[in-house]
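J.: Handing over start.cif, mmCIF, C-alpha atoms.
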```
data_work
#
loop_
_atom_site.label_atom_id
_atom_site.label_comp_id
_atom_site.auth_asym_id
_atom_site.auth_seq_id
_atom_site.Cartn_x
_atom_site.Cartn_y
_atom_site.Cartn_z
CA MET A 1 -14.78 -16.58 11.08
CA THR A 2 -17.34 -14.97 8.84
CA ALA A 3 -16.54 -12.03 6.60
CA ALA A 4 -18.72 -9.81 8.79
CA GLU A 5 -16.79 -10.86 11.91
CA LEU A 6 -13.51 -10.10 10.14
CA LEU A 7 -14.73 -6.65 9.19
CA ASP A 8 -15.63 -5.98 12.81
CA THR A 9 -11.98 -6.56 13.76
CA LEU A 10 -10.66 -3.87 11.41
CA ALA A 11 -8.61 -1.15 13.07
CA PHE A 12 -9.78 2.13 11.59
CA ASP A 13 -7.77 5.24 12.35
CA ARG A 14 -9.05 8.22 14.33
CA ASP A 15 -10.80 9.46 11.20
CA GLY A 16 -12.57 6.13 10.75
CA LEU A 17 -10.38 5.20 7.76
CA ILE A 18 -8.11 2.34 6.76
CA PRO A 19 -5.55 2.39 3.93
CA ALA A 20 -6.29 0.16 0.94
CA ILE A 21 -3.67 -0.86 -1.62
CA ALA A 22 -5.07 -1.65 -5.07
CA GLN A 23 -3.08 -4.24 -7.00
CA GLN A 24 -3.84 -5.48 -10.50
CA HIS A 25 -4.77 -9.11 -9.83
CA ASP A 26 -2.97 -10.76 -12.74
CA SER A 27 0.13 -8.64 -13.38
CA GLY A 28 0.86 -7.77 -9.74
CA GLU A 29 1.21 -4.06 -10.60
CA VAL A 30 0.57 -1.82 -7.59
CA LEU A 31 -1.89 0.71 -8.94
CA MET A 32 -2.61 3.11 -6.08
CA LEU A 33 -3.28 3.56 -2.41
CA ALA A 34 -6.51 5.09 -1.20
CA TRP A 35 -8.64 5.06 1.94
CA MET A 36 -11.84 3.31 2.91
CA ASN A 37 -14.33 3.70 5.71
CA ARG A 38 -16.72 0.97 6.77
CA ALA A 39 -19.42 2.16 4.35
CA ALA A 40 -16.98 2.09 1.42
CA ILE A 41 -15.93 -1.45 2.35
CA ASP A 42 -19.51 -2.64 2.65
CA GLU A 43 -20.44 -1.13 -0.70
CA THR A 44 -17.35 -2.59 -2.39
CA LEU A 45 -18.09 -6.08 -1.11
CA ALA A 46 -21.77 -5.82 -1.98
CA THR A 47 -21.32 -4.52 -5.51
CA GLY A 48 -17.94 -5.93 -6.56
CA ARG A 49 -16.96 -2.46 -7.73
CA VAL A 50 -14.36 -0.67 -5.65
CA CYS A 51 -15.56 2.34 -3.67
CA TYR A 52 -13.16 4.43 -1.57
CA TRP A 53 -13.56 7.37 0.78
CA SER A 54 -12.31 10.62 -0.70
CA ARG A 55 -10.50 12.56 2.02
CA SER A 56 -10.43 15.72 -0.12
CA ARG A 57 -14.13 15.61 -0.95
CA GLN A 58 -15.21 13.93 2.31
CA SER A 59 -17.55 11.60 0.46
CA LEU A 60 -17.76 8.11 -0.95
CA TRP A 61 -15.69 7.83 -4.10
CA ARG A 62 -16.93 5.24 -6.54
CA LYS A 63 -13.72 4.77 -8.46
CA GLY A 64 -14.35 5.51 -12.11
CA GLU A 65 -17.76 7.13 -11.70
CA THR A 66 -16.53 10.22 -13.54
CA SER A 67 -13.65 8.84 -15.59
CA GLY A 68 -15.08 5.43 -16.44
CA GLN A 69 -11.84 3.85 -15.18
CA ILE A 70 -13.53 1.45 -12.78
CA GLN A 71 -11.98 -1.22 -10.59
CA ARG A 72 -13.68 -4.59 -10.33
CA LEU A 73 -12.90 -6.35 -7.07
CA VAL A 74 -11.25 -9.74 -7.49
CA GLU A 75 -10.26 -10.41 -3.87
CA PHE A 76 -10.35 -8.55 -0.57
CA ARG A 77 -7.47 -9.19 1.84
CA VAL A 78 -6.62 -7.93 5.32
CA ASP A 79 -3.18 -7.70 6.90
CA CYS A 80 -1.89 -9.26 10.12
CA ASP A 81 -2.65 -6.18 12.23
CA ASN A 82 -6.11 -5.63 10.72
CA ASP A 83 -5.06 -2.10 9.84
CA CYS A 84 -4.43 -2.29 6.10
CA LEU A 85 -6.30 -3.75 3.14
CA LEU A 86 -5.01 -5.25 -0.09
CA LEU A 87 -7.54 -5.18 -2.90
CA LEU A 88 -6.84 -7.39 -5.87
CA VAL A 89 -8.66 -5.66 -8.69
CA ASP A 90 -9.19 -5.66 -12.39
CA GLN A 91 -8.50 -2.07 -13.44
CA LYS A 92 -10.25 -0.81 -16.52
CA GLY A 93 -7.96 1.59 -18.38
CA VAL A 94 -5.77 3.68 -16.10
CA ALA A 95 -5.82 4.00 -12.32
CA CYS A 96 -4.16 7.42 -12.00
CA HIS A 97 -5.89 10.75 -12.51
CA THR A 98 -2.87 11.86 -14.54
CA GLY A 99 -3.82 9.28 -17.17
CA ARG A 100 -1.04 6.90 -16.25
CA ARG A 101 -1.66 3.25 -15.54
CA ASN A 102 -0.55 3.56 -11.89
CA CYS A 103 0.16 6.40 -9.47
CA PHE A 104 3.76 5.49 -8.64
CA PHE A 105 5.44 6.97 -11.70
CA THR A 106 8.14 9.00 -9.96
CA ALA A 107 11.30 7.13 -8.97
CA ILE A 108 14.59 8.14 -7.46
CA ARG A 109 17.35 7.05 -9.83
CA ASP A 110 20.94 8.26 -9.68
CA GLY A 111 20.01 10.98 -7.20
CA GLU A 112 17.33 12.42 -9.45
CA ALA A 113 13.53 12.22 -9.50
CA LYS A 114 12.64 10.53 -12.77
CA THR A 115 9.23 10.12 -14.40
CA ILE A 116 9.16 6.44 -15.35
CA ALA A 117 5.71 6.03 -16.94
CA GLU A 118 4.02 7.78 -19.81
CA VAL A 119 0.54 9.28 -19.90
CA GLU A 120 -1.66 6.72 -21.64
CA VAL A 121 -4.95 8.63 -21.68
CA ASP A 122 -5.37 12.42 -21.86
CA PRO A 123 -6.84 13.48 -18.49
CA ALA A 124 -9.10 15.93 -20.34
CA LYS A 125 -10.74 12.92 -21.95
CA LEU A 126 -11.17 11.22 -18.57
CA TYR A 127 -12.70 14.15 -16.75
CA GLY A 128 -14.34 16.17 -19.52
CA ALA A 129 -13.28 19.46 -21.01
CA MET B 130 14.33 17.64 -9.92
CA THR B 131 16.84 16.23 -7.50
CA ALA B 132 15.97 13.46 -5.07
CA ALA B 133 16.29 15.95 -2.21
CA GLU B 134 13.83 18.33 -3.87
CA LEU B 135 11.39 15.46 -4.39
CA LEU B 136 11.61 14.49 -0.73
CA ASP B 137 10.83 18.08 0.24
CA THR B 138 7.52 17.79 -1.64
CA LEU B 139 6.32 14.78 0.37
CA ALA B 140 3.01 15.26 2.15
CA PHE B 141 3.43 13.81 5.62
CA ASP B 142 0.34 13.40 7.78
CA ARG B 143 -0.28 15.27 11.03
CA ASP B 144 1.97 12.78 12.81
CA GLY B 145 4.80 13.43 10.36
CA LEU B 146 4.32 10.04 8.69
CA ILE B 147 3.71 8.73 5.19
CA PRO B 148 2.53 5.21 4.29
CA ALA B 149 5.03 3.00 2.47
CA ILE B 150 4.08 -0.13 0.55
CA ALA B 151 6.83 -2.74 0.32
CA GLN B 152 6.71 -4.87 -2.82
CA GLN B 153 9.08 -7.68 -3.71
CA HIS B 154 10.88 -6.26 -6.73
CA ASP B 155 10.95 -9.35 -8.93
CA SER B 156 7.77 -11.29 -8.11
CA GLY B 157 5.51 -8.27 -7.56
CA GLU B 158 4.27 -9.71 -4.25
CA VAL B 159 2.94 -7.00 -1.92
CA LEU B 160 4.70 -7.77 1.34
CA MET B 161 3.44 -5.19 3.85
CA LEU B 162 2.50 -1.61 4.51
CA ALA B 163 4.33 0.40 7.13
CA TRP B 164 5.02 4.05 7.90
CA MET B 165 8.03 6.29 7.46
CA ASN B 166 9.00 9.70 8.74
CA ARG B 167 11.61 11.87 7.07
CA ALA B 168 14.43 10.39 9.18
CA ALA B 169 13.44 6.84 8.20
CA ILE B 170 13.39 7.83 4.53
CA ASP B 171 16.79 9.50 4.74
CA GLU B 172 18.31 6.49 6.49
CA THR B 173 16.77 4.08 3.98
CA LEU B 174 18.12 5.99 1.01
CA ALA B 175 21.54 6.42 2.61
CA THR B 176 22.01 2.80 3.65
CA GLY B 177 19.95 0.86 1.09
CA ARG B 178 18.35 -1.05 3.95
CA VAL B 179 14.72 -0.25 4.66
CA CYS B 180 14.01 1.59 7.90
CA TYR B 181 10.45 2.42 8.96
CA TRP B 182 8.91 4.34 11.86
CA SER B 183 7.25 2.09 14.42
CA ARG B 184 4.03 3.73 15.56
CA SER B 185 3.67 1.28 18.45
CA ARG B 186 7.22 1.78 19.72
CA GLN B 187 7.52 5.41 18.55
CA SER B 188 11.03 4.82 17.26
CA LEU B 189 12.92 4.06 14.09
CA TRP B 190 12.40 0.46 13.06
CA ARG B 191 15.26 -1.01 11.09
CA LYS B 192 13.34 -3.84 9.47
CA GLY B 193 15.02 -7.12 10.38
CA GLU B 194 17.24 -5.80 13.14
CA THR B 195 15.80 -8.37 15.57
CA SER B 196 14.54 -11.06 13.21
CA GLY B 197 17.25 -10.89 10.56
CA GLN B 198 14.53 -10.60 7.89
CA ILE B 199 15.93 -7.46 6.30
CA GLN B 200 14.68 -5.57 3.25
CA ARG B 201 17.22 -4.29 0.75
CA LEU B 202 15.94 -1.27 -1.16
CA VAL B 203 15.83 -1.76 -4.93
CA GLU B 204 13.87 1.36 -5.90
CA PHE B 205 12.08 4.21 -4.14
CA ARG B 206 8.92 5.54 -5.79
CA VAL B 207 6.47 8.31 -4.91
CA ASP B 208 2.83 8.57 -5.97
CA CYS B 209 1.06 11.34 -7.88
CA ASP B 210 -0.11 13.12 -4.72
CA ASN B 211 3.24 12.83 -2.95
CA ASP B 212 1.46 11.17 -0.05
CA CYS B 213 2.36 7.51 -0.48
CA LEU B 214 5.58 5.59 -1.16
CA LEU B 215 6.16 2.36 -3.04
CA LEU B 216 9.37 0.61 -2.04
CA LEU B 217 10.61 -2.09 -4.37
CA VAL B 218 12.63 -4.32 -2.09
CA ASP B 219 14.46 -7.59 -1.90
CA GLN B 220 13.01 -9.29 1.18
CA LYS B 221 15.24 -11.74 3.01
CA GLY B 222 13.12 -14.58 4.37
CA VAL B 223 9.68 -13.49 5.51
CA ALA B 224 8.21 -10.01 5.84
CA CYS B 225 5.48 -10.76 8.39
CA HIS B 226 6.02 -11.09 12.14
CA THR B 227 3.79 -14.18 12.04
CA GLY B 228 6.45 -15.95 10.00
CA ARG B 229 4.53 -15.69 6.75
CA ARG B 230 6.04 -14.32 3.59
CA ASN B 231 3.65 -11.36 3.48
CA CYS B 232 1.17 -9.75 5.86
CA PHE B 233 -1.95 -10.07 3.68
CA PHE B 234 -2.77 -13.69 4.44
CA THR B 235 -6.44 -13.29 5.34
CA ALA B 236 -8.90 -13.19 2.43
CA ILE B 237 -12.64 -13.05 2.17
CA ARG B 238 -13.78 -16.04 0.12
CA ASP B 239 -17.35 -17.29 -0.08
CA GLY B 240 -18.40 -15.04 2.79
CA GLU B 241 -15.74 -16.43 5.12
CA ALA B 242 -12.38 -15.13 6.35
CA LYS B 243 -9.82 -17.65 5.09
CA THR B 244 -6.13 -17.95 5.95
CA ILE B 245 -4.46 -18.27 2.56
CA ALA B 246 -0.76 -18.52 3.46
CA GLU B 247 1.18 -20.86 5.69
CA VAL B 248 3.68 -19.96 8.38
CA GLU B 249 7.11 -20.47 6.81
CA VAL B 250 9.31 -19.64 9.80
CA ASP B 251 8.46 -20.18 13.46
CA PRO B 252 8.13 -16.70 15.00
CA ALA B 253 9.92 -17.99 18.11
CA LYS B 254 12.98 -18.51 15.91
CA LEU B 255 12.69 -15.00 14.50
CA TYR B 256 12.34 -13.18 17.80
CA GLY B 257 14.09 -15.47 20.28
CA ALA B 258 12.61 -17.72 22.91
#
```
As structure tokens, how would this structure be written, given the file I've shared?

T.:
Amino acid sequence: MTAAELLDTLAFDRDGLIPAIAQQHDSGEVLMLAWMNRAAIDETLATGRVCYWSRSRQSLWRKGETSGQIQRLVEFRVDCDNDCLLLLVDQKGVACHTGRRNCFFTAIRDGEAKTIAEVEVDPAKLYGA
Amino acid sequence: MTAAELLDTLAFDRDGLIPAIAQQHDSGEVLMLAWMNRAAIDETLATGRVCYWSRSRQSLWRKGETSGQIQRLVEFRVDCDNDCLLLLVDQKGVACHTGRRNCFFTAIRDGEAKTIAEVEVDPAKLYGA
């Protein structure tokens, strides 16, 4: 099957979106989950730079276009139901808008919500003053 | 913040669901993405065995209850927007209903859709003849 035929099998939701997990290709760290539409997928595969769909802004979201924290696509994978994507990426800097390396920095430990990762980059430096 | 207070901040979608990524806790392998409602989360945290919400069956889905391929919860994490979960788990056997270790076994390589993982367990053995 060609890549184009695979993409035609994708099961987008009623908003035309599919969830995409971004994983750092070498360390295995799960960085974030975001959403893609078909245009975001096509752009990502064409450019090798990850582009999502921003649900809050209702527009294409070229990851890192403001912050500089881009994601280079290493491999594009599809799950068994064709309704989720796994993007192996090379993340420049930090993936999370809080300035942390990944978005999953809150964990339940001993019945409490604990912050388990430090801010590595001041968000004011990522997004301007 | 207590765990209960954290759970009250979760942003469920219009169907009352939140996506949950399951990652093997030691290897970092991303196994699958599934969905949880509040009842599935509460059961998972209470029992230490992962329970999802099956959108196709519209019922709680105690992972492994038919196949025996259970997921033991190692850690429960929440992302920065409170709208995605990362479950660190210990997967018994295989996570995917196809008998593969994880669900993301189709990759785009050289313009083609390639199957990059082998079936490890015959699905007929997982789900009965």

J.: My list of candidates is B:Val218, B:Ile199, B:Ile237, B:Ala169. Which is closest to chain A when distances are computed with only C-alpha atoms?

T.: B:Ile237

J.: Pick the closest to Ala34 in chain A from A:Ile116, A:Ala20, A:Val94, A:Leu73: which is it, counting all atoms listed in the file?

T.: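 Among the listed residues, A:Ala20 lies closest to Ala34 in chain A.
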
J.: List, as a PDB file with C-alpha atoms, keeping the file's coordinate frame, every residue that the PyMOL selection byres ((chain A and resi 10) around 12) selects in the file provided.

T.:
```
ATOM      1  CA  ALA A   3     -16.540 -12.030   6.600  1.00  0.00           C
ATOM      2  CA  ALA A   4     -18.720  -9.810   8.790  1.00  0.00           C
ATOM      3  CA  GLU A   5     -16.790 -10.860  11.910  1.00  0.00           C
ATOM      4  CA  LEU A   6     -13.510 -10.100  10.140  1.00  0.00           C
ATOM      5  CA  LEU A   7     -14.730  -6.650   9.190  1.00  0.00           C
ATOM      6  CA  ASP A   8     -15.630  -5.980  12.810  1.00  0.00           C
ATOM      7  CA  THR A   9     -11.980  -6.560  13.760  1.00  0.00           C
ATOM      8  CA  ALA A  11      -8.610  -1.150  13.070  1.00  0.00           C
ATOM      9  CA  PHE A  12      -9.780   2.130  11.590  1.00  0.00           C
ATOM     10  CA  ASP A  13      -7.770   5.240  12.350  1.00  0.00           C
ATOM     11  CA  GLY A  16     -12.570   6.130  10.750  1.00  0.00           C
ATOM     12  CA  LEU A  17     -10.380   5.200   7.760  1.00  0.00           C
ATOM     13  CA  ILE A  18      -8.110   2.340   6.760  1.00  0.00           C
ATOM     14  CA  PRO A  19      -5.550   2.390   3.930  1.00  0.00           C
ATOM     15  CA  MET A  36     -11.840   3.310   2.910  1.00  0.00           C
ATOM     16  CA  ASN A  37     -14.330   3.700   5.710  1.00  0.00           C
ATOM     17  CA  ARG A  38     -16.720   0.970   6.770  1.00  0.00           C
ATOM     18  CA  ILE A  41     -15.930  -1.450   2.350  1.00  0.00           C
ATOM     19  CA  ARG A  77      -7.470  -9.190   1.840  1.00  0.00           C
ATOM     20  CA  VAL A  78      -6.620  -7.930   5.320  1.00  0.00           C
ATOM     21  CA  ASP A  79      -3.180  -7.700   6.900  1.00  0.00           C
ATOM     22  CA  CYS A  80      -1.890  -9.260  10.120  1.00  0.00           C
ATOM     23  CA  ASP A  81      -2.650  -6.180  12.230  1.00  0.00           C
ATOM     24  CA  ASN A  82      -6.110  -5.630  10.720  1.00  0.00           C
ATOM     25  CA  ASP A  83      -5.060  -2.100   9.840  1.00  0.00           C
ATOM     26  CA  CYS A  84      -4.430  -2.290   6.100  1.00  0.00           C
ATOM     27  CA  LEU A  85      -6.300  -3.750   3.140  1.00  0.00           C
TER      28      LEU A  85
ATOM     29  CA  THR B 235      -6.440 -13.290   5.340  1.00  0.00           C
TER      30      THR B 235
END
```

J.: Using only C-alpha atoms, find the one residue out of A:Ser56, A:Gly93, A:Lys63, A:Arg49 that sits nearest to chain B.

T.: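 Among the listed residues, the smallest separation from chain B belongs to A:Ser56.
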
J.: Translate the PyMOL selection byres ((chain B and resi 227) around 10) into a concrete residue list for this structure, as a ChimeraX atom specification.

T.: /A:80 /B:223-226,228-232,247-253,255

J.: Apply the PyMOL selection byres ((chain B and resi 156) around 12) to the structure shown and report the selected residues as a list in words.

T.: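 That selection, the PyMOL selection byres ((chain B and resi 156) around 12), comes back as Asp26, Ser27, Gly28, Glu29 and Val30 of chain A; Gln152, Gln153, His154, Asp155, Gly157, Glu158, Val159, Leu160, Leu217, Val218, Asp219 and Gln220 of chain B.
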
J.: One number please: CA of Glu241 in chain B to CA of Thr2 in chain A, in Å, one decimal.

T.: 4.3 Å

J.: Would you mind telling me which residue in A:Ala22, A:Leu86, A:Ala39, A:Ala117 lies nearest to chain B when using all atoms listed in the file?

T.: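 Among the listed residues, the smallest separation from chain B belongs to A:Leu86.
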
J.: Could you do a least-squares fit of chain B on chain A over every C-alpha atom, in sequence order, and give the output as a CSV table (one decimal) with C-alpha atoms, in the coordinates of the input?

T.:
```csv
chain,number,residue,atom,x,y,z
B,130,MET,CA,-14.8,-16.6,11.1
B,131,THR,CA,-17.3,-15.0,8.8
B,132,ALA,CA,-16.5,-12.0,6.6
B,133,ALA,CA,-18.7,-9.8,8.8
B,134,GLU,CA,-16.8,-10.9,11.9
B,135,LEU,CA,-13.5,-10.1,10.2
B,136,LEU,CA,-14.7,-6.7,9.2
B,137,ASP,CA,-15.6,-6.0,12.8
B,138,THR,CA,-12.0,-6.6,13.8
B,139,LEU,CA,-10.7,-3.9,11.4
B,140,ALA,CA,-8.6,-1.1,13.1
B,141,PHE,CA,-9.8,2.1,11.6
B,142,ASP,CA,-7.7,5.3,12.4
B,143,ARG,CA,-9.0,8.2,14.3
B,144,ASP,CA,-10.8,9.5,11.2
B,145,GLY,CA,-12.6,6.1,10.7
B,146,LEU,CA,-10.4,5.2,7.8
B,147,ILE,CA,-8.1,2.3,6.8
B,148,PRO,CA,-5.6,2.4,3.9
B,149,ALA,CA,-6.3,0.2,0.9
B,150,ILE,CA,-3.7,-0.9,-1.6
B,151,ALA,CA,-5.1,-1.7,-5.1
B,152,GLN,CA,-3.1,-4.2,-7.0
B,153,GLN,CA,-3.9,-5.5,-10.5
B,154,HIS,CA,-4.8,-9.1,-9.9
B,155,ASP,CA,-3.0,-10.7,-12.8
B,156,SER,CA,0.1,-8.6,-13.4
B,157,GLY,CA,0.9,-7.8,-9.7
B,158,GLU,CA,1.2,-4.1,-10.6
B,159,VAL,CA,0.6,-1.8,-7.6
B,160,LEU,CA,-1.9,0.7,-9.0
B,161,MET,CA,-2.6,3.1,-6.1
B,162,LEU,CA,-3.3,3.6,-2.4
B,163,ALA,CA,-6.5,5.1,-1.2
B,164,TRP,CA,-8.6,5.1,1.9
B,165,MET,CA,-11.8,3.3,2.9
B,166,ASN,CA,-14.3,3.7,5.7
B,167,ARG,CA,-16.7,1.0,6.8
B,168,ALA,CA,-19.4,2.2,4.4
B,169,ALA,CA,-17.0,2.1,1.4
B,170,ILE,CA,-15.9,-1.5,2.3
B,171,ASP,CA,-19.5,-2.7,2.6
B,172,GLU,CA,-20.4,-1.1,-0.7
B,173,THR,CA,-17.4,-2.6,-2.4
B,174,LEU,CA,-18.1,-6.1,-1.1
B,175,ALA,CA,-21.8,-5.8,-2.0
B,176,THR,CA,-21.3,-4.5,-5.5
B,177,GLY,CA,-17.9,-5.9,-6.6
B,178,ARG,CA,-17.0,-2.5,-7.7
B,179,VAL,CA,-14.4,-0.7,-5.7
B,180,CYS,CA,-15.6,2.3,-3.7
B,181,TYR,CA,-13.2,4.4,-1.6
B,182,TRP,CA,-13.6,7.4,0.8
B,183,SER,CA,-12.3,10.6,-0.7
B,184,ARG,CA,-10.5,12.6,2.0
B,185,SER,CA,-10.4,15.7,-0.1
B,186,ARG,CA,-14.1,15.6,-1.0
B,187,GLN,CA,-15.2,13.9,2.3
B,188,SER,CA,-17.5,11.6,0.5
B,189,LEU,CA,-17.8,8.1,-1.0
B,190,TRP,CA,-15.7,7.8,-4.1
B,191,ARG,CA,-16.9,5.2,-6.5
B,192,LYS,CA,-13.7,4.8,-8.5
B,193,GLY,CA,-14.4,5.5,-12.1
B,194,GLU,CA,-17.8,7.1,-11.7
B,195,THR,CA,-16.5,10.2,-13.6
B,196,SER,CA,-13.7,8.8,-15.6
B,197,GLY,CA,-15.1,5.4,-16.5
B,198,GLN,CA,-11.8,3.8,-15.2
B,199,ILE,CA,-13.5,1.4,-12.8
B,200,GLN,CA,-12.0,-1.2,-10.6
B,201,ARG,CA,-13.7,-4.6,-10.3
B,202,LEU,CA,-12.9,-6.4,-7.1
B,203,VAL,CA,-11.3,-9.8,-7.5
B,204,GLU,CA,-10.3,-10.4,-3.9
B,205,PHE,CA,-10.4,-8.6,-0.6
B,206,ARG,CA,-7.5,-9.2,1.8
B,207,VAL,CA,-6.6,-7.9,5.3
B,208,ASP,CA,-3.2,-7.7,6.9
B,209,CYS,CA,-1.9,-9.3,10.1
B,210,ASP,CA,-2.7,-6.2,12.2
B,211,ASN,CA,-6.1,-5.6,10.7
B,212,ASP,CA,-5.1,-2.1,9.8
B,213,CYS,CA,-4.4,-2.3,6.1
B,214,LEU,CA,-6.3,-3.8,3.1
B,215,LEU,CA,-5.0,-5.3,-0.1
B,216,LEU,CA,-7.6,-5.2,-2.9
B,217,LEU,CA,-6.8,-7.4,-5.9
B,218,VAL,CA,-8.7,-5.7,-8.7
B,219,ASP,CA,-9.2,-5.7,-12.4
B,220,GLN,CA,-8.5,-2.1,-13.4
B,221,LYS,CA,-10.3,-0.8,-16.5
B,222,GLY,CA,-8.0,1.6,-18.4
B,223,VAL,CA,-5.8,3.7,-16.1
B,224,ALA,CA,-5.8,4.0,-12.3
B,225,CYS,CA,-4.2,7.4,-12.0
B,226,HIS,CA,-5.9,10.8,-12.5
B,227,THR,CA,-2.9,11.9,-14.5
B,228,GLY,CA,-3.8,9.3,-17.2
B,229,ARG,CA,-1.0,6.9,-16.2
B,230,ARG,CA,-1.6,3.3,-15.5
B,231,ASN,CA,-0.6,3.6,-11.9
B,232,CYS,CA,0.2,6.4,-9.5
B,233,PHE,CA,3.8,5.5,-8.6
B,234,PHE,CA,5.4,7.0,-11.7
B,235,THR,CA,8.1,9.0,-10.0
B,236,ALA,CA,11.3,7.1,-9.0
B,237,ILE,CA,14.6,8.1,-7.5
B,238,ARG,CA,17.4,7.0,-9.8
B,239,ASP,CA,20.9,8.3,-9.7
B,240,GLY,CA,20.0,11.0,-7.2
B,241,GLU,CA,17.3,12.4,-9.4
B,242,ALA,CA,13.5,12.2,-9.5
B,243,LYS,CA,12.6,10.5,-12.8
B,244,THR,CA,9.2,10.1,-14.4
B,245,ILE,CA,9.2,6.4,-15.3
B,246,ALA,CA,5.7,6.0,-16.9
B,247,GLU,CA,4.0,7.8,-19.8
B,248,VAL,CA,0.6,9.3,-19.9
B,249,GLU,CA,-1.7,6.7,-21.6
B,250,VAL,CA,-4.9,8.6,-21.7
B,251,ASP,CA,-5.4,12.4,-21.8
B,252,PRO,CA,-6.8,13.5,-18.5
B,253,ALA,CA,-9.1,15.9,-20.3
B,254,LYS,CA,-10.8,12.9,-21.9
B,255,LEU,CA,-11.2,11.2,-18.6
B,256,TYR,CA,-12.7,14.2,-16.8
B,257,GLY,CA,-14.4,16.2,-19.5
B,258,ALA,CA,-13.3,19.4,-21.1
```

J.: When distances are computed from all atoms listed in the file, which of B:Leu216, B:Val203, B:Met130, B:Leu174 shows the smallest separation from chain A?

T.: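 Residue with the minimum atom-to-atom distance to chain A: B:Met130.
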
J.: Here is a test: counting only C-alpha atoms, which residue of B:Thr244, B:Gln198, B:Thr176, B:Gln187 is nearest to chain A?

T.: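 Closest to chain A, using only C-alpha atoms: B:Thr244.
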
J.: For a test of reading the model, state the distance in Å between CA of Val50 in chain A and CA of Arg62 in chain A, rounded to one decimal.

T.: 6.5 Å

J.: Just the number, please: distance in Å from CA of Ser67 in chain A to CA of Gly128 in chain A, one decimal.

T.: 8.3 Å

J.: Taking every listed atom of range 152-167 of chain B and adding 3 Å to each side, what centre and edge lengths in Å (one decimal) does the axis-aligned box have, as JSON?

T.:
```
{"center_x": 7.1, "center_y": 0.3, "center_z": -0.1, "size_x": 15.1, "size_y": 29.2, "size_z": 23.7}
```
